[in-house]
>>> print(open('start_6.csv').read())   # CSV, C-alpha atoms and all ligand atoms
chain,number,residue,atom,x,y,z
A,251,MET,CA,-36.3,3.2,32.1
A,252,ILE,CA,-35.5,0.5,34.6
A,253,THR,CA,-35.7,-2.8,32.6
A,254,ASN,CA,-33.7,-6.0,32.6
A,255,LYS,CA,-31.9,-5.0,29.4
A,256,PRO,CA,-28.4,-3.6,29.6
A,257,THR,CA,-28.0,0.1,29.6
A,258,VAL,CA,-26.0,1.6,26.7
A,259,PHE,CA,-24.6,5.1,26.8
A,260,SER,CA,-22.6,7.0,24.2
A,261,GLY,CA,-22.1,10.5,22.7
A,262,ILE,CA,-20.6,12.6,20.0
A,263,GLN,CA,-19.4,16.1,20.1
A,264,PRO,CA,-21.4,18.6,18.1
A,265,SER,CA,-18.2,20.2,16.7
A,266,GLY,CA,-19.2,20.7,13.1
A,267,ILE,CA,-17.9,17.9,11.0
A,268,LEU,CA,-19.0,14.3,11.5
A,269,HIS,CA,-17.3,11.8,9.2
A,270,VAL,CA,-17.5,8.2,8.1
A,271,GLY,CA,-15.1,7.3,10.9
A,272,ASN,CA,-17.8,8.4,13.4
A,273,TYR,CA,-20.4,6.6,11.4
A,274,LEU,CA,-18.6,3.3,10.9
A,275,GLY,CA,-16.8,3.2,14.3
A,276,ALA,CA,-19.6,4.5,16.6
A,277,LEU,CA,-23.1,5.2,15.0
A,278,THR,CA,-23.5,1.8,13.3
A,279,GLN,CA,-22.8,0.1,16.6
A,280,TRP,CA,-25.4,2.2,18.3
A,281,VAL,CA,-28.1,1.2,15.8
A,282,ASP,CA,-27.3,-2.4,16.2
A,283,LEU,CA,-27.7,-2.2,20.0
A,284,GLN,CA,-31.0,-0.4,20.0
A,285,ASP,CA,-33.3,-3.4,20.0
A,286,GLN,CA,-31.5,-5.4,22.8
A,287,SER,CA,-30.7,-2.6,25.2
A,288,ASP,CA,-31.9,0.6,26.9
A,289,CYS,CA,-30.0,3.1,24.8
A,290,ILE,CA,-29.1,6.7,25.7
A,291,PHE,CA,-27.4,8.8,23.1
A,292,CYS,CA,-26.1,12.2,24.1
A,293,VAL,CA,-25.0,15.2,22.1
A,294,VAL,CA,-22.0,16.3,24.3
A,295,ASP,CA,-22.0,20.0,23.9
A,296,TYR,CA,-20.0,20.7,27.0
A,297,HIS,CA,-17.3,18.5,25.6
A,298,ALA,CA,-17.3,20.5,22.3
A,299,ILE,CA,-16.6,23.8,24.1
A,300,THR,CA,-13.3,22.4,25.5
A,301,VAL,CA,-12.0,24.0,22.2
A,302,ARG,CA,-13.4,27.2,21.0
A,303,GLN,CA,-16.7,26.9,19.1
A,304,GLU,CA,-18.3,29.7,17.2
A,305,PRO,CA,-21.3,30.8,19.4
A,306,ALA,CA,-23.3,31.7,16.2
A,307,LYS,CA,-22.9,28.1,14.9
A,308,LEU,CA,-23.0,25.9,18.0
A,309,GLY,CA,-26.8,25.7,18.2
A,310,ARG,CA,-27.0,24.7,14.6
A,311,GLN,CA,-24.3,22.1,15.1
A,312,ILE,CA,-26.2,20.6,18.0
A,313,LEU,CA,-29.4,20.2,15.9
A,314,ASP,CA,-27.4,18.8,13.0
A,315,THR,CA,-25.7,16.2,15.2
A,316,VAL,CA,-29.1,14.9,16.2
A,317,LYS,CA,-30.1,14.8,12.5
A,318,ILE,CA,-27.0,12.6,11.9
A,319,TYR,CA,-28.1,10.3,14.7
A,320,LEU,CA,-31.5,10.0,13.1
A,321,ALA,CA,-30.3,9.6,9.6
A,322,SER,CA,-28.0,6.8,10.9
A,323,GLY,CA,-31.0,4.9,12.1
A,324,ILE,CA,-31.3,5.9,15.8
A,325,ASN,CA,-35.0,5.7,16.5
A,326,PRO,CA,-36.2,8.1,19.2
A,327,ALA,CA,-39.1,5.7,19.9
A,328,LYS,CA,-36.5,3.2,21.1
A,329,SER,CA,-33.6,5.3,22.3
A,330,VAL,CA,-33.3,8.4,24.4
A,331,ILE,CA,-31.5,11.3,22.6
A,332,PHE,CA,-30.7,14.4,24.6
A,333,GLN,CA,-28.3,17.3,25.0
A,334,GLN,CA,-25.7,17.0,27.7
A,335,SER,CA,-26.0,20.6,29.0
A,336,ASP,CA,-29.8,20.1,29.5
A,337,ILE,CA,-29.0,17.9,32.6
A,338,SER,CA,-26.8,19.8,35.0
A,339,ALA,CA,-26.1,16.6,37.0
A,340,HIS,CA,-23.4,15.9,34.3
A,341,THR,CA,-21.3,18.9,35.4
A,342,GLU,CA,-22.1,18.4,39.1
A,343,LEU,CA,-21.0,14.8,39.0
A,344,ALA,CA,-17.9,15.8,36.9
A,345,TRP,CA,-16.9,18.1,39.8
A,346,ILE,CA,-17.3,15.4,42.4
A,347,LEU,CA,-15.3,13.0,40.2
A,348,ASN,CA,-12.6,15.6,39.8
A,349,CYS,CA,-12.1,15.2,43.5
A,350,ILE,CA,-11.7,11.4,43.0
A,351,ALA,CA,-9.5,11.6,39.9
A,352,ARG,CA,-5.8,12.1,40.3
A,353,ILE,CA,-3.6,14.3,38.2
A,354,ALA,CA,-1.6,11.1,37.4
A,355,ASP,CA,-4.7,9.5,36.0
A,356,LEU,CA,-5.3,12.4,33.6
A,357,ASN,CA,-1.6,12.6,32.6
A,358,LYS,CA,-1.9,9.2,31.2
A,359,MET,CA,-4.6,10.2,28.7
A,360,THR,CA,-3.0,10.0,25.2
A,361,GLN,CA,-5.8,12.0,23.4
A,362,PHE,CA,-5.1,15.1,25.5
A,363,LYS,CA,-1.4,14.9,24.6
A,364,GLU,CA,-2.2,14.6,20.9
A,365,LYS,CA,-4.8,17.3,20.9
A,366,GLY,CA,-2.8,19.6,23.1
A,367,ALA,CA,0.5,19.1,21.3
A,368,SER,CA,-0.4,21.3,18.3
A,369,LYS,CA,-1.8,24.2,20.3
A,370,GLU,CA,-0.1,27.2,22.0
A,371,SER,CA,-2.4,27.1,25.0
A,372,VAL,CA,-4.9,24.5,26.1
A,373,SER,CA,-8.0,24.9,28.2
A,374,VAL,CA,-8.3,23.2,31.6
A,375,GLY,CA,-11.6,21.8,30.2
A,376,LEU,CA,-9.7,19.9,27.5
A,377,TYR,CA,-7.4,18.3,30.1
A,378,ASP,CA,-10.4,17.5,32.4
A,379,TYR,CA,-12.6,16.2,29.5
A,380,PRO,CA,-12.3,12.5,30.4
A,381,VAL,CA,-13.7,13.2,33.8
A,382,LEU,CA,-16.8,14.8,32.4
A,383,MET,CA,-17.0,11.8,30.1
A,384,ALA,CA,-16.8,9.5,33.1
A,385,ALA,CA,-19.7,11.5,34.7
A,386,ASP,CA,-21.8,11.1,31.5
A,387,ILE,CA,-21.4,7.3,31.6
A,388,LEU,CA,-21.7,6.7,35.4
A,389,LEU,CA,-24.8,8.9,35.9
A,390,TYR,CA,-26.9,6.4,34.1
A,391,GLN,CA,-25.5,3.1,35.6
A,392,THR,CA,-24.3,2.2,32.2
A,393,ASP,CA,-23.3,-1.3,31.3
A,394,ILE,CA,-22.0,-0.8,27.7
A,395,VAL,CA,-20.3,2.1,26.0
A,396,PRO,CA,-20.1,1.6,22.3
A,397,VAL,CA,-17.2,3.8,20.9
A,398,GLY,CA,-14.3,3.9,18.5
A,399,GLU,CA,-10.9,2.7,19.6
A,400,ASP,CA,-9.7,6.2,20.5
A,401,GLN,CA,-12.2,6.5,23.4
A,402,VAL,CA,-11.4,3.2,25.1
A,403,GLN,CA,-8.8,4.7,27.4
A,404,HIS,CA,-11.4,7.3,28.5
A,405,VAL,CA,-13.9,4.5,29.3
A,406,GLU,CA,-11.1,2.8,31.3
A,407,LEU,CA,-10.8,6.0,33.4
A,408,ALA,CA,-14.6,5.9,34.0
A,409,ARG,CA,-14.2,2.4,35.3
A,410,THR,CA,-11.2,3.4,37.6
A,411,LEU,CA,-13.1,6.3,39.0
A,412,ALA,CA,-16.3,4.2,39.6
A,413,GLN,CA,-14.3,1.5,41.4
A,414,ARG,CA,-12.4,4.1,43.5
A,415,PHE,CA,-15.6,5.9,44.5
A,416,ASN,CA,-17.4,2.6,45.4
A,417,ARG,CA,-14.4,1.4,47.4
A,418,ASP,CA,-13.9,4.7,49.3
A,419,TYR,CA,-17.5,5.8,49.9
A,420,GLY,CA,-19.7,2.7,49.3
A,421,GLN,CA,-21.4,1.1,46.3
A,422,VAL,CA,-23.1,3.6,43.9
A,423,PHE,CA,-21.8,3.1,40.4
A,424,LYS,CA,-22.0,0.2,38.0
A,425,ILE,CA,-18.7,-0.6,36.3
A,426,PRO,CA,-19.1,0.1,32.5
A,427,GLN,CA,-17.5,-1.7,29.7
A,428,ALA,CA,-16.3,-0.2,26.4
A,429,VAL,CA,-17.3,-2.0,23.3
A,430,ILE,CA,-15.6,-1.5,19.9
A,431,LYS,CA,-16.2,-3.0,16.5
A,432,LYS,CA,-14.0,-5.8,15.2
A,433,GLN,CA,-13.6,-3.9,11.9
A,434,GLY,CA,-14.0,-0.1,11.8
A,435,ALA,CA,-13.0,0.9,15.3
A,436,ARG,CA,-10.3,3.0,13.8
A,437,ILE,CA,-10.9,4.3,10.3
A,438,MET,CA,-7.8,5.9,9.1
A,439,GLY,CA,-7.2,9.3,7.3
A,440,LEU,CA,-7.5,9.1,3.5
A,441,ASP,CA,-4.5,11.4,3.1
A,442,ASP,CA,-2.4,9.6,5.8
A,443,PRO,CA,-3.3,6.0,6.7
A,444,ALA,CA,-0.9,6.2,9.7
A,445,LYS,CA,-3.3,8.5,11.6
A,446,LYS,CA,-7.0,8.1,12.3
A,447,MET,CA,-9.6,9.9,10.3
A,448,SER,CA,-10.3,13.1,12.2
A,449,LYS,CA,-12.4,16.3,11.9
A,450,SER,CA,-9.4,18.3,13.2
A,451,ALA,CA,-7.1,17.1,10.4
A,452,SER,CA,-5.4,19.9,8.6
A,453,SER,CA,-6.8,19.0,5.2
A,454,PRO,CA,-10.5,18.1,4.3
A,455,ASN,CA,-9.0,15.4,2.1
A,456,ASN,CA,-8.4,13.5,5.3
A,457,TYR,CA,-12.0,12.6,5.8
A,458,ILE,CA,-15.4,12.0,4.1
A,459,ALA,CA,-17.8,14.2,6.1
A,460,LEU,CA,-21.3,12.8,6.3
A,461,THR,CA,-22.5,16.1,4.8
A,462,ASP,CA,-19.9,16.3,2.0
A,463,ALA,CA,-21.4,16.8,-1.5
A,464,PRO,CA,-21.5,13.2,-2.8
A,465,GLU,CA,-19.5,14.1,-6.0
A,466,ALA,CA,-16.8,15.8,-3.9
A,467,ALA,CA,-16.6,12.9,-1.6
A,468,ALA,CA,-16.1,10.5,-4.6
A,469,LYS,CA,-13.2,12.7,-5.7
A,470,LYS,CA,-11.6,12.5,-2.2
A,471,ILE,CA,-11.6,8.7,-2.6
A,472,MET,CA,-10.0,8.9,-6.0
A,473,ARG,CA,-7.3,11.2,-4.4
A,474,ALA,CA,-6.8,8.9,-1.4
A,475,VAL,CA,-3.2,7.8,-0.7
A,476,THR,CA,-2.4,4.2,-1.7
A,477,ASP,CA,0.4,1.8,-0.8
A,478,SER,CA,3.4,0.6,-2.9
A,479,GLY,CA,2.7,-2.4,-5.1
A,480,SER,CA,-0.6,-3.0,-6.9
A,481,GLU,CA,-2.3,-5.9,-5.0
A,482,ILE,CA,-5.7,-5.3,-3.3
A,483,ILE,CA,-5.2,-7.3,-0.1
A,484,TYR,CA,-6.1,-6.7,3.5
A,485,GLU,CA,-2.7,-6.4,5.4
A,486,PRO,CA,-3.0,-3.5,7.7
A,487,LYS,CA,0.8,-3.5,8.6
A,488,LYS,CA,2.1,-3.8,5.0
A,489,LYS,CA,-0.8,-2.1,3.2
A,490,PRO,CA,-2.4,0.4,5.6
A,491,ALA,CA,-4.0,2.6,3.0
A,492,ILE,CA,-5.6,-0.2,0.9
A,493,SER,CA,-6.6,-2.1,4.1
A,494,ASN,CA,-8.4,1.0,5.3
A,495,LEU,CA,-10.2,1.4,2.0
A,496,LEU,CA,-11.2,-2.3,2.0
A,497,VAL,CA,-12.6,-1.9,5.5
A,498,THR,CA,-14.6,1.1,4.5
A,499,PHE,CA,-15.9,-0.6,1.3
A,500,SER,CA,-16.8,-3.7,3.3
A,501,LEU,CA,-18.7,-1.8,6.0
A,502,LEU,CA,-20.5,0.4,3.6
A,503,ASN,CA,-21.9,-2.3,1.4
A,504,GLY,CA,-21.8,-5.4,3.5
A,505,ILE,CA,-19.5,-7.5,1.3
A,506,ASN,CA,-16.9,-9.2,3.4
A,507,ILE,CA,-13.2,-8.3,2.9
A,508,HIS,CA,-12.2,-11.7,1.5
A,509,GLU,CA,-14.9,-11.4,-1.2
A,510,LEU,CA,-13.6,-8.0,-2.1
A,511,GLU,CA,-10.0,-9.3,-2.3
A,512,THR,CA,-11.3,-12.0,-4.7
A,513,ARG,CA,-13.3,-9.6,-6.7
A,514,TYR,CA,-10.3,-7.3,-7.2
A,515,ARG,CA,-7.6,-9.9,-7.8
A,516,ASN,CA,-5.5,-8.9,-10.7
A,517,LYS,CA,-7.2,-5.5,-10.9
A,518,GLY,CA,-5.5,-2.2,-10.3
A,519,TYR,CA,-6.0,0.4,-7.5
A,520,GLY,CA,-7.7,2.7,-10.1
A,521,GLU,CA,-10.6,0.3,-10.7
A,522,PHE,CA,-11.0,-0.5,-7.0
A,523,LYS,CA,-11.0,3.2,-6.0
A,524,LYS,CA,-13.5,4.0,-8.8
A,525,ASP,CA,-15.9,1.4,-7.4
A,526,LEU,CA,-15.4,2.5,-3.8
A,527,ALA,CA,-16.0,6.2,-4.9
A,528,GLN,CA,-19.3,5.0,-6.4
A,529,GLU,CA,-20.2,3.2,-3.1
A,530,VAL,CA,-19.4,6.3,-1.0
A,531,LYS,CA,-21.4,8.5,-3.4
A,532,ALA,CA,-24.5,6.2,-3.3
A,533,PHE,CA,-24.2,5.9,0.5
A,534,LEU,CA,-24.1,9.7,1.0
A,535,ILE,CA,-27.0,10.4,-1.4
A,536,GLU,CA,-29.2,8.0,0.6
A,537,PHE,CA,-27.9,9.2,4.0
A,538,GLN,CA,-28.4,12.9,3.1
A,539,LEU,CA,-31.9,12.3,1.9
A,540,LYS,CA,-32.8,11.1,5.4
A,541,TYR,CA,-30.7,13.8,7.0
A,542,ASN,CA,-32.5,16.5,5.2
A,543,SER,CA,-35.9,15.1,5.9
A,544,PHE,CA,-35.9,16.1,9.6
A,545,SER,CA,-37.1,19.6,10.7
A,546,ASP,CA,-35.4,21.6,13.4
A,547,ASP,CA,-38.7,21.7,15.4
A,548,GLU,CA,-38.9,17.9,15.3
A,549,VAL,CA,-35.3,17.6,16.5
A,550,LYS,CA,-35.9,20.1,19.3
A,551,ARG,CA,-38.9,18.1,20.5
A,552,ILE,CA,-36.8,14.9,20.5
A,553,LEU,CA,-34.1,16.6,22.6
A,554,GLN,CA,-36.7,18.0,25.1
A,555,ASP,CA,-38.5,14.6,25.4
A,556,GLY,CA,-35.2,12.8,25.8
A,557,ALA,CA,-34.0,15.1,28.6
A,558,ALA,CA,-37.3,14.9,30.4
A,559,LYS,CA,-37.3,11.1,30.3
A,560,ILE,CA,-33.8,10.6,31.5
A,561,LEU,CA,-33.5,13.4,34.1
A,562,PRO,CA,-34.9,11.3,37.0
A,563,VAL,CA,-32.2,8.6,36.5
A,564,ALA,CA,-29.4,11.2,36.6
A,565,GLU,CA,-30.9,12.9,39.6
A,566,GLN,CA,-31.2,9.6,41.5
A,567,THR,CA,-27.6,8.7,40.9
A,568,LEU,CA,-26.4,12.2,41.9
A,569,LYS,CA,-28.4,12.1,45.1
A,570,LYS,CA,-26.9,8.7,46.0
A,571,VAL,CA,-23.4,10.1,45.4
A,572,LYS,CA,-24.1,13.2,47.6
A,573,ASN,CA,-25.5,11.0,50.4
A,574,LYS,CA,-22.4,8.8,50.3
A,575,LEU,CA,-20.2,11.9,50.5
A,576,GLY,CA,-22.2,13.3,53.5
A,577,ILE,CA,-23.4,16.3,51.6
A,578,LEU,CA,-26.7,17.6,53.1
A,579,ILE,CA,-29.5,17.8,50.6
A,580,LEU,CA,-32.1,20.2,52.1
A,581,SER,CA,-33.8,21.5,49.0
A,582,SER,CA,-35.6,18.4,47.8
B,601,LIG,P1,-16.0,12.1,19.3
B,601,LIG,O1,-17.1,13.2,19.1
B,601,LIG,O2,-14.6,12.6,18.9
B,601,LIG,O3,-16.3,10.9,18.3
B,601,LIG,C1,-17.5,10.3,18.4
B,601,LIG,C2,-17.4,8.8,18.2
B,601,LIG,O4,-16.8,8.4,16.9
B,601,LIG,C3,-15.6,7.6,17.2
B,601,LIG,N1,-14.6,7.9,16.2
B,601,LIG,C4,-14.1,7.0,15.3
B,601,LIG,N2,-14.3,5.7,15.1
B,601,LIG,C5,-13.6,5.1,14.2
B,601,LIG,N3,-12.7,5.7,13.4
B,601,LIG,C6,-12.4,7.0,13.6
B,601,LIG,N4,-11.5,7.6,12.8
B,601,LIG,C7,-13.1,7.7,14.6
B,601,LIG,N5,-13.1,9.0,15.0
B,601,LIG,C8,-14.0,9.1,15.9
B,601,LIG,C9,-15.2,7.9,18.6
B,601,LIG,O5,-14.4,6.9,19.1
B,601,LIG,C10,-16.5,8.1,19.3
B,601,LIG,O6,-17.1,6.9,19.7
B,601,LIG,N6,-15.3,11.9,24.2
B,601,LIG,C11,-16.1,11.5,23.1
B,601,LIG,C12,-17.6,11.8,23.3
B,601,LIG,C13,-18.2,11.5,24.6
B,601,LIG,C14,-18.6,10.1,25.0
B,601,LIG,C15,-19.1,10.3,26.3
B,601,LIG,C16,-18.5,8.9,24.3
B,601,LIG,C17,-18.4,12.3,25.6
B,601,LIG,N7,-19.0,11.6,26.7
B,601,LIG,C18,-19.6,9.2,27.0
B,601,LIG,C19,-19.0,7.8,25.0
B,601,LIG,C20,-19.6,8.0,26.3
B,601,LIG,C21,-15.6,12.1,21.8
B,601,LIG,O7,-15.0,13.1,21.8
B,601,LIG,O8,-16.0,11.4,20.7
>>> encode(input="start_6.csv", output="structure tokens")
Amino acid sequence: MITNKPTVFSGIQPSGILHVGNYLGALTQWVDLQDQSDCIFCVVDYHAITVRQEPAKLGRQILDTVKIYLASGINPAKSVIFQQSDISAHTELAWILNCIARIADLNKMTQFKEKGASKESVSVGLYDYPVLMAADILLYQTDIVPVGEDQVQHVELARTLAQRFNRDYGQVFKIPQAVIKKQGARIMGLDDPAKKMSKSASSPNNYIALTDAPEAAAKKIMRAVTDSGSEIIYEPKKKPAISNLLVTFSLLNGINIHELETRYRNKGYGEFKKDLAQEVKAFLIEFQLKYNSFSDDEVKRILQDGAAKILPVAEQTLKKVKNKLGILILSS
């Protein structure tokens, strides 16, 4: 695994619904990085249980998340794919980093405030979740973390914790860098373009799930909120809904936004949405054909191979950390 290429690490929670926001904001970046970097892509199941998951469904969701990675174009011959809970160094390092992190650091995290605000009671795990994410990233001496915009603040925390540890105990960690896409880093909800597309939205009309029936997904586009006026132009401040649909259209079929603006000059929202609905439908049909072509056994093998391949890197970093802390290691 040690090469001269930069190391890339990222992950997605197996919490049931993955949507085009995850695909356009994160997964397409991962695919683009595969050839130039050593890529490690994790299914972060311990992050998923920070909110209750149905035990009878979680195993299925883990396998299905890997199938989404594969259908998106992640190639297990090039990239390591593994399950977070398979490598206990993640939770061990998270504990150690808990002792480096400050409550003031975590109180700054906006996602916790947003996620916690609508709930009566919130788990300690949800609060501490960015520290586990820092452990994920730092264990592999990661250079680049390709994510959507909502995760940048968490990567900043990983940088802070790495720098603080290195300063206080001696050099162990590389300082990682978040990378987001110029377009698509924040795909907005179809029913409310002021908020990001999210699996935890109150209505399924907020998102296009990658596993939505293509016809149903097309209907969601037709129902999507639009802005006042009738012009199809990219102006995120004045026209957040149409701008979001333009970004989605452009990223799905590769036509740049200016060309789309020209194509739809003097045409109405109805015609534009009808064409986008067709794009989404065609994309999902092709995507799901691939998604359904992988067997559970194949996916389990990929996860086992991935964990076996990456375990020595995680163990080496954890050992260095323990040494710096003065923890005796007598068992190996
Ligand atoms: P998660 O599972 O919520 O989302 C997975 C990825 O999708 C991106 N994303 C979006 N991008 C654009 N528009 C949207 N509407 C949108 N919604 C989600 C996210 O930014 C993310 O890149 N904490 C992480 C998972 C994680 C992780 C890590 C990521 C755990 N450990 C280490 C990187 C490195 C999360 O909950 O992502």
>>> closest_atom_pairs(input="start_6.csv", of="chain A", to="ligand LIG 601 (chain B)", cutoff="6 Å", atoms="all atoms listed in the file", output="Markdown table")
| residue | atom | partner | partner_atom | distance |
| --- | --- | --- | --- | --- |
| A:Phe259 | CA | B:LIG601 | C20 | 5.8 |
| A:Ser260 | CA | B:LIG601 | C19 | 3.8 |
| A:Gly261 | CA | B:LIG601 | C14 | 4.2 |
| A:Ile262 | CA | B:LIG601 | O1 | 3.7 |
| A:Gln263 | CA | B:LIG601 | O1 | 3.8 |
| A:Gly271 | CA | B:LIG601 | N3 | 3.8 |
| A:Asn272 | CA | B:LIG601 | O4 | 3.6 |
| A:Gly275 | CA | B:LIG601 | N2 | 3.6 |
| A:Ala276 | CA | B:LIG601 | O6 | 4.6 |
| A:Val294 | CA | B:LIG601 | C17 | 5.5 |
| A:Met383 | CA | B:LIG601 | N7 | 3.9 |
| A:Asp386 | CA | B:LIG601 | C18 | 5.4 |
| A:Ile387 | CA | B:LIG601 | C18 | 5.3 |
| A:Val395 | CA | B:LIG601 | C19 | 5.9 |
| A:Val397 | CA | B:LIG601 | O6 | 3.3 |
| A:Gly398 | CA | B:LIG601 | O5 | 3.1 |
| A:Glu399 | CA | B:LIG601 | O5 | 5.5 |
| A:Asp400 | CA | B:LIG601 | O5 | 5.0 |
| A:Gln401 | CA | B:LIG601 | O5 | 4.8 |
| A:Gly434 | CA | B:LIG601 | C5 | 5.7 |
| A:Ala435 | CA | B:LIG601 | C5 | 4.4 |
| A:Arg436 | CA | B:LIG601 | N3 | 3.6 |
| A:Ile437 | CA | B:LIG601 | N3 | 3.8 |
| A:Met438 | CA | B:LIG601 | N4 | 5.5 |
| A:Lys446 | CA | B:LIG601 | N4 | 4.6 |
| A:Met447 | CA | B:LIG601 | N4 | 3.9 |
| A:Ser448 | CA | B:LIG601 | N4 | 5.7 |
>>> write_last_selection(input="start_6.csv", atoms="C-alpha atoms", output="compact mmCIF listing (two decimals), keeping the file's coordinate frame")
# COMPACT_ATOMS: atom_id res chain seq x y z
CA PHE A 259 -24.60 5.10 26.80
CA SER A 260 -22.60 7.00 24.20
CA GLY A 261 -22.10 10.50 22.70
CA ILE A 262 -20.60 12.60 20.00
CA GLN A 263 -19.40 16.10 20.10
CA GLY A 271 -15.10 7.30 10.90
CA ASN A 272 -17.80 8.40 13.40
CA GLY A 275 -16.80 3.20 14.30
CA ALA A 276 -19.60 4.50 16.60
CA VAL A 294 -22.00 16.30 24.30
CA MET A 383 -17.00 11.80 30.10
CA ASP A 386 -21.80 11.10 31.50
CA ILE A 387 -21.40 7.30 31.60
CA VAL A 395 -20.30 2.10 26.00
CA VAL A 397 -17.20 3.80 20.90
CA GLY A 398 -14.30 3.90 18.50
CA GLU A 399 -10.90 2.70 19.60
CA ASP A 400 -9.70 6.20 20.50
CA GLN A 401 -12.20 6.50 23.40
CA GLY A 434 -14.00 -0.10 11.80
CA ALA A 435 -13.00 0.90 15.30
CA ARG A 436 -10.30 3.00 13.80
CA ILE A 437 -10.90 4.30 10.30
CA MET A 438 -7.80 5.90 9.10
CA LYS A 446 -7.00 8.10 12.30
CA MET A 447 -9.60 9.90 10.30
CA SER A 448 -10.30 13.10 12.20
>>> residues_around(input="start_6.csv", residues="Phe362 of chain A", least_positions_apart="3", cutoff="7 Å", atoms="only C-alpha atoms", output="number ranges by chain")
A: 359, 365-366, 376-377
>>> write_last_selection(input="start_6.csv", atoms="C-alpha atoms", output="mmCIF file, in the coordinates of the input")
data_model
loop_
_atom_site.group_PDB
_atom_site.id
_atom_site.type_symbol
_atom_site.label_atom_id
_atom_site.label_comp_id
_atom_site.auth_asym_id
_atom_site.auth_seq_id
_atom_site.Cartn_x
_atom_site.Cartn_y
_atom_site.Cartn_z
ATOM 1 C CA MET A 359 -4.600 10.200 28.700
ATOM 2 C CA LYS A 365 -4.800 17.300 20.900
ATOM 3 C CA GLY A 366 -2.800 19.600 23.100
ATOM 4 C CA LEU A 376 -9.700 19.900 27.500
ATOM 5 C CA TYR A 377 -7.400 18.300 30.100
#
>>> residues_around(input="start_6.csv", residues="Ile350 of chain A", least_positions_apart="2", cutoff="8 Å", atoms="only C-alpha atoms", output="PyMOL selection string")
chain A and resi 346-348+352+411+414-415
>>> residues_near_point(input="start_6.csv", point="(-31.3, 14.0, 41.2)", cutoff="12 Å", atoms="all atoms listed in the file", output="list in words")
Ile337, Ser338, Ala339, His340, Glu342, Leu343, Leu389, Tyr390, Ile560, Leu561, Pro562, Val563, Ala564, Glu565, Gln566, Thr567, Leu568, Lys569, Lys570, Val571, Lys572, Asn573, Ile579, Ser581 and Ser582 of chain A
>>> atom_distance(input="start_6.csv", atom1="atom CA of Ala351 of chain A", atom2="atom CA of Asp295 of chain A")
22.0 Å
>>> closest_residue(input="start_6.csv", among="A:His269, A:Lys517, A:Lys540, A:Lys550", to="Ser322 of chain A", atoms="only C-alpha atoms")
A:Lys540
>>> closest_residue(input="start_6.csv", among="A:Pro256, A:Val497, A:Pro305, A:Asp314", to="Tyr484 of chain A", atoms="all atoms listed in the file")
A:Val497
>>> closest_residue(input="start_6.csv", among="A:Ser478, A:Gln528, A:Thr392, A:Asn494", to="Glu465 of chain A", atoms="all atoms listed in the file")
A:Gln528
>>> decode(input="start_6.csv", residues="segment 539-547 of chain A", atoms="N, CA, C and O atoms", output="PDB file, in the first residue's frame")
ATOM      1  N   LEU A 539     -28.985  -1.170 -13.141  1.00  0.00           N
ATOM      2  CA  LEU A 539     -28.599  -2.397 -13.846  1.00  0.00           C
ATOM      3  C   LEU A 539     -27.276  -2.907 -13.266  1.00  0.00           C
ATOM      4  O   LEU A 539     -27.099  -4.092 -12.979  1.00  0.00           O
ATOM      5  N   LYS A 540     -26.336  -1.970 -13.070  1.00  0.00           N
ATOM      6  CA  LYS A 540     -25.039  -2.339 -12.489  1.00  0.00           C
ATOM      7  C   LYS A 540     -25.234  -2.741 -11.026  1.00  0.00           C
ATOM      8  O   LYS A 540     -24.716  -3.763 -10.576  1.00  0.00           O
ATOM      9  N   TYR A 541     -25.968  -1.928 -10.297  1.00  0.00           N
ATOM     10  CA  TYR A 541     -26.205  -2.160  -8.862  1.00  0.00           C
ATOM     11  C   TYR A 541     -26.748  -3.578  -8.617  1.00  0.00           C
ATOM     12  O   TYR A 541     -26.317  -4.272  -7.696  1.00  0.00           O
ATOM     13  N   ASN A 542     -27.658  -3.993  -9.477  1.00  0.00           N
ATOM     14  CA  ASN A 542     -28.280  -5.305  -9.289  1.00  0.00           C
ATOM     15  C   ASN A 542     -27.419  -6.461  -9.799  1.00  0.00           C
ATOM     16  O   ASN A 542     -27.769  -7.622  -9.622  1.00  0.00           O
ATOM     17  N   SER A 543     -26.300  -6.125 -10.438  1.00  0.00           N
ATOM     18  CA  SER A 543     -25.501  -7.205 -11.027  1.00  0.00           C
ATOM     19  C   SER A 543     -24.512  -7.819 -10.022  1.00  0.00           C
ATOM     20  O   SER A 543     -23.882  -8.826 -10.314  1.00  0.00           O
ATOM     21  N   PHE A 544     -24.371  -7.222  -8.831  1.00  0.00           N
ATOM     22  CA  PHE A 544     -23.401  -7.749  -7.860  1.00  0.00           C
ATOM     23  C   PHE A 544     -24.099  -8.654  -6.852  1.00  0.00           C
ATOM     24  O   PHE A 544     -25.170  -8.311  -6.349  1.00  0.00           O
ATOM     25  N   SER A 545     -23.474  -9.788  -6.556  1.00  0.00           N
ATOM     26  CA  SER A 545     -24.082 -10.698  -5.576  1.00  0.00           C
ATOM     27  C   SER A 545     -23.584 -10.344  -4.177  1.00  0.00           C
ATOM     28  O   SER A 545     -22.518  -9.735  -4.010  1.00  0.00           O
ATOM     29  N   ASP A 546     -24.360 -10.748  -3.180  1.00  0.00           N
ATOM     30  CA  ASP A 546     -23.953 -10.505  -1.786  1.00  0.00           C
ATOM     31  C   ASP A 546     -22.616 -11.181  -1.494  1.00  0.00           C
ATOM     32  O   ASP A 546     -21.769 -10.613  -0.800  1.00  0.00           O
ATOM     33  N   ASP A 547     -22.430 -12.382  -2.013  1.00  0.00           N
ATOM     34  CA  ASP A 547     -21.173 -13.100  -1.734  1.00  0.00           C
ATOM     35  C   ASP A 547     -19.965 -12.354  -2.280  1.00  0.00           C
ATOM     36  O   ASP A 547     -18.916 -12.264  -1.641  1.00  0.00           O
TER      37      ASP A 547
END
